[in-house]
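Peer 1: Let me begin by handing over the structure; questions about it come next.
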Amino acid sequence: MKKVVLAYSGGVDTSVCIPYLREKFGVKEVIAFAADLGQGDELEPIRLKAIDAGASQSLVGDLIKPFIEDFAFPAIKANALYEGKYPLSTALARPLIAKRLVELARELGADAVAHGCTGKGNDQVRFDVAIGSLAPDLKVLTPAREWGMSREETIAYGEKFGIPAPVSKSSPYSIDLNLLGRSVEAGVLEDPMVAPPEEVFAMTSSINDAPNDSEEIEIGFECGNPISINGSRLDPVSMIRKANYIAGKHGFGRIDMIENRVVGIKSREIYETPGLLMLIRAHQELESLTLSADVLSLKSQLESKWADLVYQGLWFTPLKDALDGFINQTQLSVNGSVRLRLHKGNAIVIGRNSLENSLYMPNMATYGEQDNFDHKSAEGFIYIWGLPSRLWASLTNKSND
Ligand code: ARG
């Protein structure tokens, strides 16, 4: 194998992949690619680290804008929560990285792409499946899934090739982060009964540290996209940053769950996804005002299917495209704004409004004098609506005699 493009994070595992690909897979040129997804790391040191580890080229790519516009915003429109809880902050990044890896492989004439995922997680599934649908002919090399080295052995192997062992005693946690949030696993968290220590959180305040005073905000939406906070228009990336800041400050957006991985394992996960979770909550609320009951009902079933597909690595599939078609059609009327009160770990909806698309009719809903609802029509409606149950009951009562 001559040339391989490797998804590179700067961590020990992906660094060790570089000499390992050269030594054990006989790869001549390893090209490292590090994606900027808003994780806040300095990318130049990471780029140089890959060169030190033996990469022939080391590239970084800013993917923040497409990450938010093409992956996070569709997830908001889908109100996507895997198993009702996890807003897919890690899962959404994988198909984008896979897409970029494939593009680079094509541009640079590489024979294969590679990643450093282990064989136990969801990320390997997402990378492999996404790459397979974008480029069925391209080989995917997965050294960390094959080498069978313990953490200590991996570090020792790296040291032989000049890859420094992690300086400080490295964190007991396995962490993935990007602009949408952080996922934290391992260490004491492996006992599902142990409360997450405060040190695992970085984007959200604890309830104790959150301000005593609540804060009210108004989030504006256009066709299901969040576009403003308190009347100031924000581009998608700034929207997520600002939402993270406000929700995080008030300690909203922490998730502690037992999650079912694609590979069949149940794992304990801690997430903090303050902005995304707050925007999904506000978006759901605006839909309750602007979408009809039957659309809401079918959409909620399709939303959980959408979240499953994304979690399971099936982003580039015909079913996902078809669901997006349905969802996008519904979003044409999701225009308006939602008021939230943030306080001590809560984001409480306190109001919603839509000038053009509200299906809430005050003269139908009111209990006051403006009431236009025809109460008498209810009688005939209920006569017919209840007919099947009365027929059923008369038969049942007869057989009970
Ligand atoms: N369990 C989450 C998911 O499947 C987070 C995975 C975190 N990945 C990682 N390499 N640490 O989306």
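How things are named: the first chain in the structure tokens is A, the next is B, and so on; residues count from 1 in each chain; ligands count from 1 in the order shown.
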Quick one: residues within 7 Å of A:Ala186, only C-alpha atoms, excluding same-chain residues fewer than 3 positions away - as a list of chain:residue names?
Peer 2: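 My list of contacting residues is A:Pro172, A:Tyr173, A:Ser174, A:Leu189, A:Glu190.
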Peer 1: Residues near A:Leu6, anyone? I mean within 6 Å using only C-alpha atoms, not counting same-chain ones fewer than 4 positions away, as a list in words.
Peer 2: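 In the requested form, the answer reads Ile31, Ala32, Phe33, Val113, Ala114 and His115 of chain A.
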Peer 1: May I have the residues from that selection written out with all heavy atoms, as a PDB file, in the first residue's frame?
Peer 2:
ATOM      1  N   ILE A  31      -0.615  10.107   5.365  1.00  0.00           N
ATOM      2  CA  ILE A  31      -1.010  11.521   5.370  1.00  0.00           C
ATOM      3  C   ILE A  31      -2.019  11.699   6.497  1.00  0.00           C
ATOM      4  O   ILE A  31      -3.085  11.072   6.493  1.00  0.00           O
ATOM      5  CB  ILE A  31      -1.652  11.907   4.020  1.00  0.00           C
ATOM      6  CG1 ILE A  31      -0.635  11.665   2.907  1.00  0.00           C
ATOM      7  CG2 ILE A  31      -2.126  13.359   4.039  1.00  0.00           C
ATOM      8  CD1 ILE A  31      -1.243  11.666   1.524  1.00  0.00           C
ATOM      9  N   ALA A  32      -1.644  12.520   7.491  1.00  0.00           N
ATOM     10  CA  ALA A  32      -2.547  12.712   8.631  1.00  0.00           C
ATOM     11  C   ALA A  32      -3.523  13.841   8.324  1.00  0.00           C
ATOM     12  O   ALA A  32      -3.155  14.842   7.721  1.00  0.00           O
ATOM     13  CB  ALA A  32      -1.732  13.051   9.877  1.00  0.00           C
ATOM     14  N   PHE A  33      -4.771  13.648   8.747  1.00  0.00           N
ATOM     15  CA  PHE A  33      -5.760  14.725   8.592  1.00  0.00           C
ATOM     16  C   PHE A  33      -6.469  14.964   9.926  1.00  0.00           C
ATOM     17  O   PHE A  33      -7.097  14.063  10.472  1.00  0.00           O
ATOM     18  CB  PHE A  33      -6.803  14.382   7.522  1.00  0.00           C
ATOM     19  CG  PHE A  33      -7.943  15.371   7.532  1.00  0.00           C
ATOM     20  CD1 PHE A  33      -7.734  16.687   7.143  1.00  0.00           C
ATOM     21  CD2 PHE A  33      -9.202  14.998   7.971  1.00  0.00           C
ATOM     22  CE1 PHE A  33      -8.768  17.624   7.188  1.00  0.00           C
ATOM     23  CE2 PHE A  33     -10.250  15.928   8.023  1.00  0.00           C
ATOM     24  CZ  PHE A  33     -10.017  17.243   7.626  1.00  0.00           C
ATOM     25  N   VAL A 113      -7.985   4.798   3.216  1.00  0.00           N
ATOM     26  CA  VAL A 113      -8.077   5.714   4.347  1.00  0.00           C
ATOM     27  C   VAL A 113      -7.941   4.876   5.617  1.00  0.00           C
ATOM     28  O   VAL A 113      -8.051   3.639   5.566  1.00  0.00           O
ATOM     29  CB  VAL A 113      -9.409   6.506   4.354  1.00  0.00           C
ATOM     30  CG1 VAL A 113      -9.483   7.457   3.180  1.00  0.00           C
ATOM     31  CG2 VAL A 113     -10.604   5.569   4.355  1.00  0.00           C
ATOM     32  N   ALA A 114      -7.679   5.546   6.755  1.00  0.00           N
ATOM     33  CA  ALA A 114      -7.493   4.806   8.001  1.00  0.00           C
ATOM     34  C   ALA A 114      -8.044   5.626   9.162  1.00  0.00           C
ATOM     35  O   ALA A 114      -8.131   6.848   9.084  1.00  0.00           O
ATOM     36  CB  ALA A 114      -6.009   4.531   8.221  1.00  0.00           C
ATOM     37  N   HIS A 115      -8.443   4.918  10.233  1.00  0.00           N
ATOM     38  CA  HIS A 115      -8.819   5.612  11.468  1.00  0.00           C
ATOM     39  C   HIS A 115      -8.323   4.813  12.656  1.00  0.00           C
ATOM     40  O   HIS A 115      -7.972   3.633  12.518  1.00  0.00           O
ATOM     41  CB  HIS A 115     -10.332   5.848  11.528  1.00  0.00           C
ATOM     42  CG  HIS A 115     -11.160   4.596  11.534  1.00  0.00           C
ATOM     43  ND1 HIS A 115     -11.212   3.734  12.605  1.00  0.00           N
ATOM     44  CD2 HIS A 115     -11.971   4.051  10.584  1.00  0.00           C
ATOM     45  CE1 HIS A 115     -12.027   2.730  12.319  1.00  0.00           C
ATOM     46  NE2 HIS A 115     -12.490   2.889  11.093  1.00  0.00           N
TER      47      HIS A 115
END
Peer 1: Could you give me, as CSV, every chain A residue with an atom at most 7 Å from ligand 1, plus its closest atom pair and distance in Å to one decimal, counting only C-alpha atoms and all ligand atoms, rows ordered by chain then number?
Peer 2:
residue,atom,partner,partner_atom_place_in_ligand_line,distance
A:Leu88,CA,ligand 1,12 (O),5.8
A:Ser89,CA,ligand 1,12 (O),6.8
A:Thr90,CA,ligand 1,12 (O),4.6
A:Ala91,CA,ligand 1,12 (O),4.4
A:Cys117,CA,ligand 1,10 (N),6.9
A:Gly121,CA,ligand 1,4 (O),6.7
A:Asn122,CA,ligand 1,4 (O),4.9
A:Asp123,CA,ligand 1,8 (N),6.2
A:Ser174,CA,ligand 1,11 (N),5.3
A:Ile175,CA,ligand 1,11 (N),4.9
A:Asp176,CA,ligand 1,11 (N),4.4
A:Ser183,CA,ligand 1,5 (C),5.3
A:Val184,CA,ligand 1,11 (N),6.9
A:Arg261,CA,ligand 1,4 (O),6.7
A:Glu269,CA,ligand 1,1 (N),6.3
A:Tyr311,CA,ligand 1,12 (O),6.4
Peer 1: Those residues you just picked out, can you put them in a file as a tab-separated table (two decimals), in the first residue's frame with all heavy atoms?
Peer 2:
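Heads up, here's the output in out_16.tsv:
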chain	number	residue	atom	x	y	z
A	88	LEU	N	-26.68	13.32	20.07
A	88	LEU	CA	-25.82	12.84	18.98
A	88	LEU	C	-24.61	13.73	18.68
A	88	LEU	O	-24.10	13.73	17.54
A	88	LEU	CB	-26.66	12.65	17.69
A	88	LEU	CG	-27.83	11.68	17.82
A	88	LEU	CD1	-28.83	11.86	16.66
A	88	LEU	CD2	-27.35	10.23	17.84
A	89	SER	N	-24.14	14.47	19.68
A	89	SER	CA	-23.04	15.42	19.44
A	89	SER	C	-21.81	14.77	18.81
A	89	SER	O	-21.18	15.36	17.93
A	89	SER	CB	-22.68	16.11	20.75
A	89	SER	OG	-22.63	15.18	21.81
A	90	THR	N	-21.46	13.57	19.24
A	90	THR	CA	-20.30	12.87	18.64
A	90	THR	C	-20.70	12.23	17.31
A	90	THR	O	-19.99	12.35	16.31
A	90	THR	CB	-19.78	11.78	19.59
A	90	THR	OG1	-19.19	12.41	20.73
A	90	THR	CG2	-18.75	10.89	18.92
A	91	ALA	N	-21.84	11.57	17.32
A	91	ALA	CA	-22.27	10.80	16.14
A	91	ALA	C	-22.37	11.67	14.90
A	91	ALA	O	-22.03	11.25	13.79
A	91	ALA	CB	-23.61	10.13	16.44
A	117	CYS	N	-9.99	4.05	15.54
A	117	CYS	CA	-11.03	3.60	16.47
A	117	CYS	C	-10.78	2.16	16.90
A	117	CYS	O	-10.29	1.34	16.12
A	117	CYS	CB	-12.41	3.64	15.82
A	117	CYS	SG	-12.91	5.24	15.23
A	121	GLY	N	-16.46	0.38	19.96
A	121	GLY	CA	-17.30	1.58	19.99
A	121	GLY	C	-18.21	1.73	18.78
A	121	GLY	O	-18.23	0.89	17.86
A	122	ASN	N	-18.93	2.84	18.78
A	122	ASN	CA	-19.81	3.16	17.67
A	122	ASN	C	-19.06	3.88	16.54
A	122	ASN	O	-19.48	3.83	15.39
A	122	ASN	CB	-20.91	4.12	18.13
A	122	ASN	CG	-21.83	3.49	19.15
A	122	ASN	OD1	-22.24	2.34	18.97
A	122	ASN	ND2	-22.14	4.21	20.21
A	123	ASP	N	-17.98	4.58	16.90
A	123	ASP	CA	-17.34	5.43	15.91
A	123	ASP	C	-16.76	4.62	14.74
A	123	ASP	O	-16.83	5.04	13.59
A	123	ASP	CB	-16.27	6.30	16.57
A	123	ASP	CG	-16.89	7.34	17.49
A	123	ASP	OD1	-17.98	7.84	17.13
A	123	ASP	OD2	-16.32	7.65	18.54
A	174	SER	N	-12.32	8.70	28.97
A	174	SER	CA	-12.23	8.77	27.52
A	174	SER	C	-13.19	9.87	27.09
A	174	SER	O	-14.40	9.81	27.36
A	174	SER	CB	-12.64	7.42	26.94
A	174	SER	OG	-12.98	7.58	25.59
A	175	ILE	N	-12.63	10.89	26.45
A	175	ILE	CA	-13.42	12.09	26.16
A	175	ILE	C	-13.44	12.36	24.67
A	175	ILE	O	-12.42	12.25	24.00
A	175	ILE	CB	-12.81	13.31	26.89
A	175	ILE	CG1	-12.84	13.08	28.41
A	175	ILE	CG2	-13.56	14.60	26.53
A	175	ILE	CD1	-12.10	14.12	29.21
A	176	ASP	N	-14.61	12.69	24.14
A	176	ASP	CA	-14.68	13.18	22.76
A	176	ASP	C	-15.35	14.55	22.83
A	176	ASP	O	-16.33	14.72	23.55
A	176	ASP	CB	-15.52	12.24	21.90
A	176	ASP	CG	-15.60	12.76	20.46
A	176	ASP	OD1	-14.57	12.76	19.78
A	176	ASP	OD2	-16.70	13.17	20.04
A	183	SER	N	-18.49	14.12	25.30
A	183	SER	CA	-18.93	12.83	25.82
A	183	SER	C	-17.82	12.29	26.68
A	183	SER	O	-16.65	12.42	26.35
A	183	SER	CB	-19.24	11.87	24.67
A	183	SER	OG	-18.06	11.22	24.27
A	184	VAL	N	-18.18	11.75	27.83
A	184	VAL	CA	-17.17	11.27	28.76
A	184	VAL	C	-17.53	9.85	29.20
A	184	VAL	O	-18.68	9.58	29.60
A	184	VAL	CB	-17.07	12.18	30.01
A	184	VAL	CG1	-15.84	11.84	30.83
A	184	VAL	CG2	-17.06	13.65	29.61
A	261	ARG	N	-25.11	0.61	22.68
A	261	ARG	CA	-24.23	0.80	21.52
A	261	ARG	C	-24.64	-0.12	20.38
A	261	ARG	O	-25.26	-1.15	20.59
A	261	ARG	CB	-22.80	0.43	21.90
A	261	ARG	CG	-22.15	1.47	22.76
A	261	ARG	CD	-20.66	1.22	22.80
A	261	ARG	NE	-20.09	2.00	23.88
A	261	ARG	CZ	-18.90	1.82	24.38
A	261	ARG	NH1	-18.13	0.84	23.92
A	261	ARG	NH2	-18.45	2.58	25.35
A	269	GLU	N	-22.76	6.67	29.90
A	269	GLU	CA	-22.22	7.84	29.21
A	269	GLU	C	-22.62	9.11	29.95
A	269	GLU	O	-23.76	9.24	30.40
A	269	GLU	CB	-22.82	7.94	27.80
A	269	GLU	CG	-22.67	6.70	26.95
A	269	GLU	CD	-21.34	6.64	26.21
A	269	GLU	OE1	-20.70	7.70	26.04
A	269	GLU	OE2	-20.94	5.53	25.82
A	311	TYR	N	-27.15	7.58	14.84
A	311	TYR	CA	-26.36	6.90	15.87
A	311	TYR	C	-25.67	5.66	15.29
A	311	TYR	O	-24.52	5.38	15.59
A	311	TYR	CB	-27.28	6.49	17.02
A	311	TYR	CG	-26.54	5.90	18.20
A	311	TYR	CD1	-26.00	6.72	19.19
A	311	TYR	CD2	-26.38	4.52	18.32
A	311	TYR	CE1	-25.30	6.17	20.26
A	311	TYR	CE2	-25.68	3.98	19.39
A	311	TYR	CZ	-25.15	4.81	20.36
A	311	TYR	OH	-24.45	4.27	21.41
Peer 1: Pick out the residues sitting within 12 Å of A:Lys85, and hand them over as a list of chain:residue names; count only C-alpha atoms, and ignore anything fewer than 4 positions along from it in its own chain.
Peer 2: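 Residues near the query, excluding close chain neighbours: A:Asn79, A:Ala80, A:Leu81, A:Ser89, A:Gly253, A:Arg254, A:Ile255, A:Asp256, A:Met257, A:Ile258, A:Glu259, A:Asn260, A:Glu269, A:Ile270, A:Tyr271, A:Glu272, A:Thr273, A:Leu276, A:Leu277, A:Ile280, A:Arg281, A:Ser304, A:Ala307, A:Asp308.
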Peer 1: Residues within 10 Å of A:Ile348, please, as a PyMOL selection string. Count only C-alpha atoms; anything in the same chain fewer than 4 positions from it doesn't count.
Peer 2: chain A and resi 216+278+281-282+339-343
Peer 1: Would you save the residues of that selection, restricted to C-alpha atoms, as a PDB file, in the first residue's frame?
Peer 2:
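Okay, this is what ended up in selection06.pdb:
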ATOM      1  CA  GLU A 216     -35.029  34.753  30.228  1.00  0.00           C
ATOM      2  CA  MET A 278     -31.649  23.901  24.555  1.00  0.00           C
ATOM      3  CA  ARG A 281     -36.206  21.934  23.289  1.00  0.00           C
ATOM      4  CA  ALA A 282     -37.154  25.359  21.922  1.00  0.00           C
ATOM      5  CA  ARG A 339     -39.200  32.073  25.356  1.00  0.00           C
ATOM      6  CA  LEU A 340     -37.167  30.115  27.845  1.00  0.00           C
ATOM      7  CA  ARG A 341     -36.264  30.714  31.457  1.00  0.00           C
ATOM      8  CA  LEU A 342     -32.873  29.342  32.451  1.00  0.00           C
ATOM      9  CA  HIS A 343     -32.291  28.627  36.066  1.00  0.00           C
TER      10      HIS A 343
END
Peer 1: Tell me which protein, DNA and RNA residues are within 12 Å of stretch 290-298 of chain A, counting only C-alpha atoms, leaving out same-chain ones fewer than 4 positions away, and put them as number ranges by chain.
Peer 2: A: 78-79, 221-224, 283-286, 302-305, 323, 326-327, 329-338, 352-361
Peer 1: Include N, CA and C atoms and write out the residues we just selected as an mmCIF file, in the first residue's frame.
Peer 2:
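Printed below is part_20.cif as written:
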data_model
loop_
_atom_site.group_PDB
_atom_site.id
_atom_site.type_symbol
_atom_site.label_atom_id
_atom_site.label_comp_id
_atom_site.auth_asym_id
_atom_site.auth_seq_id
_atom_site.Cartn_x
_atom_site.Cartn_y
_atom_site.Cartn_z
ATOM 1 N N ALA A 78 -34.866 17.702 13.290
ATOM 2 C CA ALA A 78 -35.367 16.348 13.567
ATOM 3 C C ALA A 78 -35.600 16.127 15.064
ATOM 4 N N ASN A 79 -35.369 17.145 15.887
ATOM 5 C CA ASN A 79 -35.451 16.983 17.353
ATOM 6 C C ASN A 79 -34.751 15.688 17.779
ATOM 7 N N PHE A 221 -36.805 31.365 15.223
ATOM 8 C CA PHE A 221 -36.587 30.309 14.227
ATOM 9 C C PHE A 221 -37.147 30.719 12.876
ATOM 10 N N GLU A 222 -36.466 30.279 11.817
ATOM 11 C CA GLU A 222 -36.978 30.436 10.453
ATOM 12 C C GLU A 222 -36.880 29.086 9.764
ATOM 13 N N CYS A 223 -37.978 28.589 9.273
ATOM 14 C CA CYS A 223 -38.017 27.257 8.648
ATOM 15 C C CYS A 223 -37.273 26.210 9.492
ATOM 16 N N GLY A 224 -37.501 26.261 10.788
ATOM 17 C CA GLY A 224 -36.913 25.274 11.684
ATOM 18 C C GLY A 224 -35.476 25.542 12.081
ATOM 19 N N HIS A 283 -37.095 24.315 19.730
ATOM 20 C CA HIS A 283 -37.621 23.953 18.416
ATOM 21 C C HIS A 283 -38.854 23.064 18.540
ATOM 22 N N GLN A 284 -38.766 22.078 19.429
ATOM 23 C CA GLN A 284 -39.917 21.189 19.666
ATOM 24 C C GLN A 284 -41.130 22.003 20.080
ATOM 25 N N GLU A 285 -40.882 22.990 20.909
ATOM 26 C CA GLU A 285 -41.974 23.800 21.414
ATOM 27 C C GLU A 285 -42.641 24.598 20.291
ATOM 28 N N LEU A 286 -41.817 25.153 19.416
ATOM 29 C CA LEU A 286 -42.393 25.936 18.315
ATOM 30 C C LEU A 286 -43.195 25.029 17.379
ATOM 31 N N LEU A 302 -40.861 9.361 13.210
ATOM 32 C CA LEU A 302 -39.741 9.405 12.267
ATOM 33 C C LEU A 302 -38.497 10.022 12.916
ATOM 34 N N GLU A 303 -38.718 10.906 13.896
ATOM 35 C CA GLU A 303 -37.577 11.512 14.586
ATOM 36 C C GLU A 303 -36.750 10.456 15.296
ATOM 37 N N SER A 304 -37.415 9.506 15.923
ATOM 38 C CA SER A 304 -36.625 8.523 16.651
ATOM 39 C C SER A 304 -35.923 7.590 15.662
ATOM 40 N N LYS A 305 -36.543 7.368 14.505
ATOM 41 C CA LYS A 305 -35.879 6.587 13.454
ATOM 42 C C LYS A 305 -34.645 7.348 12.933
ATOM 43 N N LEU A 323 -36.199 10.487 4.904
ATOM 44 C CA LEU A 323 -36.692 11.112 6.138
ATOM 45 C C LEU A 323 -36.423 12.614 6.111
ATOM 46 N N PHE A 326 -39.117 14.422 4.221
ATOM 47 C CA PHE A 326 -40.330 14.631 5.028
ATOM 48 C C PHE A 326 -40.107 15.762 6.026
ATOM 49 N N ILE A 327 -38.990 15.661 6.748
ATOM 50 C CA ILE A 327 -38.735 16.646 7.813
ATOM 51 C C ILE A 327 -38.633 18.060 7.228
ATOM 52 N N GLN A 329 -39.916 19.287 4.574
ATOM 53 C CA GLN A 329 -41.237 19.780 4.171
ATOM 54 C C GLN A 329 -41.996 20.338 5.381
ATOM 55 N N THR A 330 -41.910 19.633 6.508
ATOM 56 C CA THR A 330 -42.643 20.103 7.701
ATOM 57 C C THR A 330 -42.073 21.431 8.212
ATOM 58 N N GLN A 331 -40.781 21.660 7.975
ATOM 59 C CA GLN A 331 -40.138 22.834 8.586
ATOM 60 C C GLN A 331 -40.519 24.160 7.934
ATOM 61 N N LEU A 332 -41.164 24.085 6.751
ATOM 62 C CA LEU A 332 -41.524 25.318 6.064
ATOM 63 C C LEU A 332 -42.408 26.212 6.937
ATOM 64 N N SER A 333 -43.177 25.586 7.841
ATOM 65 C CA SER A 333 -44.047 26.417 8.676
ATOM 66 C C SER A 333 -43.520 26.584 10.107
ATOM 67 N N VAL A 334 -42.273 26.184 10.348
ATOM 68 C CA VAL A 334 -41.749 26.342 11.714
ATOM 69 C C VAL A 334 -41.024 27.688 11.818
ATOM 70 N N ASN A 335 -41.829 28.736 11.904
ATOM 71 C CA ASN A 335 -41.321 30.106 11.977
ATOM 72 C C ASN A 335 -41.907 30.763 13.211
ATOM 73 N N GLY A 336 -41.046 31.432 13.978
ATOM 74 C CA GLY A 336 -41.568 32.104 15.170
ATOM 75 C C GLY A 336 -40.524 32.121 16.257
ATOM 76 N N SER A 337 -40.979 32.270 17.496
ATOM 77 C CA SER A 337 -39.984 32.315 18.568
ATOM 78 C C SER A 337 -40.507 31.673 19.837
ATOM 79 N N VAL A 338 -39.544 31.326 20.690
ATOM 80 C CA VAL A 338 -39.852 30.606 21.922
ATOM 81 C C VAL A 338 -39.129 31.299 23.063
ATOM 82 N N ARG A 352 -44.372 30.883 23.566
ATOM 83 C CA ARG A 352 -44.088 30.579 22.148
ATOM 84 C C ARG A 352 -45.020 31.421 21.297
ATOM 85 N N ASN A 353 -44.526 31.761 20.089
ATOM 86 C CA ASN A 353 -45.279 32.675 19.241
ATOM 87 C C ASN A 353 -44.910 32.443 17.782
ATOM 88 N N SER A 354 -45.913 32.538 16.897
ATOM 89 C CA SER A 354 -45.614 32.501 15.470
ATOM 90 C C SER A 354 -46.596 33.416 14.761
ATOM 91 N N LEU A 355 -46.063 34.445 14.108
ATOM 92 C CA LEU A 355 -46.966 35.408 13.463
ATOM 93 C C LEU A 355 -47.703 34.785 12.293
ATOM 94 N N GLU A 356 -46.973 33.988 11.485
ATOM 95 C CA GLU A 356 -47.577 33.476 10.251
ATOM 96 C C GLU A 356 -48.118 32.064 10.354
ATOM 97 N N ASN A 357 -47.550 31.284 11.247
ATOM 98 C CA ASN A 357 -47.852 29.854 11.189
ATOM 99 C C ASN A 357 -48.503 29.270 12.434
ATOM 100 N N SER A 358 -48.931 30.141 13.347
ATOM 101 C CA SER A 358 -49.535 29.597 14.559
ATOM 102 C C SER A 358 -50.884 28.961 14.232
ATOM 103 N N LEU A 359 -51.075 27.725 14.682
ATOM 104 C CA LEU A 359 -52.364 27.054 14.491
ATOM 105 C C LEU A 359 -53.233 27.195 15.744
ATOM 106 N N TYR A 360 -52.720 27.952 16.695
ATOM 107 C CA TYR A 360 -53.470 28.205 17.924
ATOM 108 C C TYR A 360 -54.481 29.309 17.656
ATOM 109 N N MET A 361 -55.758 29.002 17.780
ATOM 110 C CA MET A 361 -56.802 29.977 17.480
ATOM 111 C C MET A 361 -57.427 30.441 18.784
#
Peer 1: Record the distance separating atom CA of A:Met1 and atom CA of A:Pro164, expressed in Å with one decimal.
Peer 2: 26.8 Å
Peer 1: Report as a JSON list (two decimals) with C-alpha atoms, in the first residue's frame all protein, DNA and RNA residues lying within 9 Å of A:Pro211, evaluated on only C-alpha atoms, omitting residues in the same chain fewer than 2 positions from it.
Peer 2:
[["chain", "number", "residue", "atom", "x", "y", "z"],
["A", 207, "ILE", "CA", -26.25, 23.52, 40.04],
["A", 208, "ASN", "CA", -24.42, 25.02, 43.03],
["A", 209, "ASP", "CA", -22.26, 27.30, 40.91],
["A", 213, "ASP", "CA", -30.91, 34.64, 39.38],
["A", 214, "SER", "CA", -32.77, 33.18, 36.45],
["A", 249, "LYS", "CA", -23.71, 29.10, 32.51],
["A", 250, "HIS", "CA", -27.04, 28.02, 34.01],
["A", 251, "GLY", "CA", -25.98, 24.39, 34.29],
["A", 343, "HIS", "CA", -32.29, 28.63, 36.07],
["A", 344, "LYS", "CA", -30.15, 26.16, 38.04]]
Peer 1: Excluding A:Arg145 and its own-chain neighbours fewer than 4 positions away, which residues fall within 8 Å of it when counting only C-alpha atoms? Please give them as a PyMOL selection string.
Peer 2: chain A and resi 116-119
Peer 1: Taking the chain letters and numbering used in this document, name the residues of stretch 115-315 of chain A that DSSP puts in strand (DSSP E), as a PyMOL selection string.
Peer 2: chain A and resi 139-141+174-178+181-185+215-222+225-229+232-233+254-260+266-272
Peer 1: Would you mind exporting the chosen residues as a PDB file, in the first residue's frame, restricted to C-alpha atoms?
Peer 2:
ATOM      1  CA  LYS A 139     -10.030   0.319   1.516  1.00  0.00           C
ATOM      2  CA  VAL A 140     -10.347   1.277   5.205  1.00  0.00           C
ATOM      3  CA  LEU A 141      -7.395   0.369   7.418  1.00  0.00           C
ATOM      4  CA  SER A 174     -12.233   8.773  27.521  1.00  0.00           C
ATOM      5  CA  ILE A 175     -13.424  12.085  26.160  1.00  0.00           C
ATOM      6  CA  ASP A 176     -14.677  13.183  22.764  1.00  0.00           C
ATOM      7  CA  LEU A 177     -15.444  16.829  22.179  1.00  0.00           C
ATOM      8  CA  ASN A 178     -16.517  19.284  19.530  1.00  0.00           C
ATOM      9  CA  GLY A 181     -20.636  19.006  23.258  1.00  0.00           C
ATOM     10  CA  ARG A 182     -18.537  16.536  25.184  1.00  0.00           C
ATOM     11  CA  SER A 183     -18.935  12.833  25.819  1.00  0.00           C
ATOM     12  CA  VAL A 184     -17.175  11.267  28.763  1.00  0.00           C
ATOM     13  CA  GLU A 185     -16.750   7.580  29.513  1.00  0.00           C
ATOM     14  CA  GLU A 215     -32.379  34.523  32.910  1.00  0.00           C
ATOM     15  CA  GLU A 216     -35.029  34.753  30.228  1.00  0.00           C
ATOM     16  CA  ILE A 217     -34.202  34.488  26.559  1.00  0.00           C
ATOM     17  CA  GLU A 218     -36.130  34.395  23.312  1.00  0.00           C
ATOM     18  CA  ILE A 219     -34.948  32.179  20.463  1.00  0.00           C
ATOM     19  CA  GLY A 220     -36.163  32.957  16.947  1.00  0.00           C
ATOM     20  CA  PHE A 221     -36.587  30.309  14.227  1.00  0.00           C
ATOM     21  CA  GLU A 222     -36.978  30.436  10.453  1.00  0.00           C
ATOM     22  CA  ASN A 225     -33.452  26.874  11.835  1.00  0.00           C
ATOM     23  CA  PRO A 226     -32.570  28.847  14.976  1.00  0.00           C
ATOM     24  CA  ILE A 227     -31.656  32.324  13.750  1.00  0.00           C
ATOM     25  CA  SER A 228     -31.692  34.750  16.655  1.00  0.00           C
ATOM     26  CA  ILE A 229     -31.356  35.129  20.396  1.00  0.00           C
ATOM     27  CA  SER A 232     -30.052  39.600  17.444  1.00  0.00           C
ATOM     28  CA  ARG A 233     -29.458  37.559  14.357  1.00  0.00           C
ATOM     29  CA  ARG A 254     -25.921  17.511  31.374  1.00  0.00           C
ATOM     30  CA  ILE A 255     -26.972  13.974  30.526  1.00  0.00           C
ATOM     31  CA  ASP A 256     -26.203  10.799  32.454  1.00  0.00           C
ATOM     32  CA  MET A 257     -27.432   7.687  30.708  1.00  0.00           C
ATOM     33  CA  ILE A 258     -27.047   3.991  30.066  1.00  0.00           C
ATOM     34  CA  GLU A 259     -26.834   3.763  26.313  1.00  0.00           C
ATOM     35  CA  ASN A 260     -27.182   0.858  23.899  1.00  0.00           C
ATOM     36  CA  LYS A 266     -24.671  -1.172  27.246  1.00  0.00           C
ATOM     37  CA  SER A 267     -22.423   1.667  28.341  1.00  0.00           C
ATOM     38  CA  ARG A 268     -22.657   4.460  30.862  1.00  0.00           C
ATOM     39  CA  GLU A 269     -22.224   7.845  29.207  1.00  0.00           C
ATOM     40  CA  ILE A 270     -21.986  11.358  30.511  1.00  0.00           C
ATOM     41  CA  TYR A 271     -22.681  14.128  28.022  1.00  0.00           C
ATOM     42  CA  GLU A 272     -22.882  17.852  28.181  1.00  0.00           C
TER      43      GLU A 272
END
Peer 1: Write down as a PyMOL selection string the residues belonging to stretch 127-362 of chain A that are assigned alpha helix (DSSP H) by DSSP computed on the backbone.
Peer 2: chain A and resi 127-134+143-146+151-160+236-249+274-290+293-311+318-331+362
Peer 1: Give me, please, the distance in Å between atom CA of A:Phe67 and atom CA of A:Ala55, quoted to one decimal.
Peer 2: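 Distance between the two atoms: 26.0 Å.
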Peer 1: Just checking: using only C-alpha atoms, which residue out of A:Asn346, A:Gln57, A:Asn328, A:Thr154 ends up closest to A:Phe252?
Peer 2: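 Smallest distance to A:Phe252 is found for A:Asn346.
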